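Text of the file start30.cif, holding mmCIF, C-alpha atoms:
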```cif
data_upload
#
loop_
_atom_site.label_atom_id
_atom_site.label_comp_id
_atom_site.auth_asym_id
_atom_site.auth_seq_id
_atom_site.Cartn_x
_atom_site.Cartn_y
_atom_site.Cartn_z
CA MET F 1 20.02 -99.61 -63.48
CA SER F 2 18.59 -100.24 -60.03
CA VAL F 3 15.40 -102.15 -59.36
CA ALA F 4 13.71 -98.96 -58.17
CA GLU F 5 14.55 -97.23 -61.46
CA GLN F 6 13.21 -100.18 -63.45
CA ILE F 7 9.94 -100.16 -61.51
CA PHE F 8 9.67 -96.40 -61.94
CA GLU F 9 10.22 -96.55 -65.71
CA LYS F 10 7.71 -99.34 -66.24
CA ALA F 11 5.13 -97.65 -64.02
CA GLN F 12 5.41 -94.39 -65.99
CA ALA F 13 3.70 -96.04 -68.95
CA LEU F 14 0.64 -96.95 -66.85
CA PRO F 15 -2.35 -94.81 -65.91
CA GLU F 16 -2.14 -92.97 -62.59
CA PRO F 17 -4.44 -95.35 -60.63
CA ALA F 18 -2.27 -98.28 -61.70
CA GLN F 19 0.87 -96.37 -60.67
CA LYS F 20 -0.61 -95.84 -57.19
CA THR F 21 -1.46 -99.54 -56.94
CA ILE F 22 2.10 -100.48 -57.88
CA LEU F 23 3.53 -98.01 -55.36
CA ASP F 24 1.29 -99.43 -52.61
CA LEU F 25 2.33 -102.97 -53.52
CA VAL F 26 6.04 -102.13 -53.52
CA ASP F 27 5.66 -100.37 -50.16
CA LYS F 28 3.83 -103.37 -48.67
CA LEU F 29 6.43 -105.84 -49.97
CA ALA F 30 9.30 -103.70 -48.67
CA LYS F 31 7.76 -103.57 -45.19
CA GLU F 32 7.10 -107.33 -45.17
CA SER F 33 10.64 -108.01 -46.31
CA ALA F 34 12.09 -105.79 -43.58
CA SER F 35 9.99 -107.41 -40.85
CA PHE F 36 10.86 -110.91 -42.13
CA THR F 37 14.57 -110.09 -42.08
CA LYS F 38 14.32 -108.80 -38.51
CA SER F 39 12.40 -111.86 -37.30
CA VAL F 40 14.86 -114.29 -38.90
CA SER F 41 17.93 -112.55 -37.52
CA ALA F 42 16.39 -112.29 -34.06
CA ARG F 43 15.37 -115.94 -34.06
CA VAL F 44 18.62 -117.56 -35.21
CA GLN F 45 21.46 -117.41 -32.70
CA LEU F 46 23.96 -120.13 -33.39
CA PRO F 47 27.45 -120.21 -31.92
CA LEU F 48 30.27 -119.88 -34.43
CA ILE F 49 32.52 -122.92 -34.39
CA ASP F 50 35.75 -123.11 -36.35
CA SER F 51 35.88 -126.15 -38.58
CA LYS F 52 38.58 -127.64 -40.77
CA GLU F 53 35.80 -128.82 -43.11
CA PRO F 54 33.22 -126.01 -43.43
CA GLY F 55 29.74 -127.28 -44.08
CA ILE F 56 30.38 -130.56 -42.29
CA LEU F 57 29.57 -130.58 -38.61
CA ALA F 58 28.68 -133.66 -36.60
CA LEU F 59 28.16 -132.59 -33.00
CA THR F 60 25.89 -134.02 -30.36
CA ASN F 61 23.95 -131.85 -27.94
CA ALA F 62 26.55 -132.71 -25.27
CA ASP F 63 29.35 -131.48 -27.58
CA ILE F 64 27.54 -128.21 -28.18
CA GLU F 65 26.88 -127.70 -24.47
CA GLU F 66 30.57 -128.33 -23.76
CA LEU F 67 31.60 -125.75 -26.36
CA LEU F 68 29.20 -123.17 -24.95
CA ALA F 69 30.36 -123.72 -21.35
#
```

Since I need it in another form, could you write the structure as structure tokens?
Amino acid sequence: MSVAEQIFEKAQALPEPAQKTILDLVDKLAKESASFTKSVSARVQLPLIDSKEPGILALTNADIEELLA
């Protein structure tokens, strides 16, 4: 069962004003989540560097500039 279905089922047991409040809250959270995802992906632009030991990277700024050149 999807999250949307779970929210829908639980909201059905509530009075109509509460259902509207839940719908407004879900809509607001969805919009905030979408804008957060866009801002994070637009802000982070790291070069991809192959490594024999993923997760371990010890480069200086000079090393990074050399790789980007």

Original post:
For the atom pair CA of Asp24 (chain F) and CA of Ala4 (chain F), what is the interatomic distance in Å to one decimal place?
Top reply: 13.6 Å

**OP:** Could you check how far CA of Glu16 (chain F) sits from CA of Ser35 (chain F), in Å to one decimal?
**Re:** 28.8 Å

**OP:** Just the residues within 10 Å of Ala11 (chain F), please, counting only C-alpha atoms, with nothing from its chain fewer than 6 positions along; format it as a list in words.
**Re:** Glu5, Ala18, Gln19, Lys20, Thr21, Ile22 and Leu23 of chain F

The selected residues should be written to file as an mmCIF file, keeping the file's coordinate frame (atoms: C-alpha atoms).
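Once written, out.cif looks like this:
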```cif
data_model
loop_
_atom_site.group_PDB
_atom_site.id
_atom_site.type_symbol
_atom_site.label_atom_id
_atom_site.label_comp_id
_atom_site.auth_asym_id
_atom_site.auth_seq_id
_atom_site.Cartn_x
_atom_site.Cartn_y
_atom_site.Cartn_z
ATOM 1 C CA GLU F 5 14.550 -97.230 -61.460
ATOM 2 C CA ALA F 18 -2.270 -98.280 -61.700
ATOM 3 C CA GLN F 19 0.870 -96.370 -60.670
ATOM 4 C CA LYS F 20 -0.610 -95.840 -57.190
ATOM 5 C CA THR F 21 -1.460 -99.540 -56.940
ATOM 6 C CA ILE F 22 2.100 -100.480 -57.880
ATOM 7 C CA LEU F 23 3.530 -98.010 -55.360
#
```

Original post:
Distance CA of Phe36 (chain F)-CA of Ile56 (chain F), one decimal place?
Top reply: 27.7 Å

Original post:
Which protein, DNA or RNA residues have an atom at most 12 Å from (11.2, -103.9, -60.1), counting only C-alpha atoms? List them as an NGL selection string.
Top reply: :F and (1-11 or 22-23 or 25-27 or 29-30)
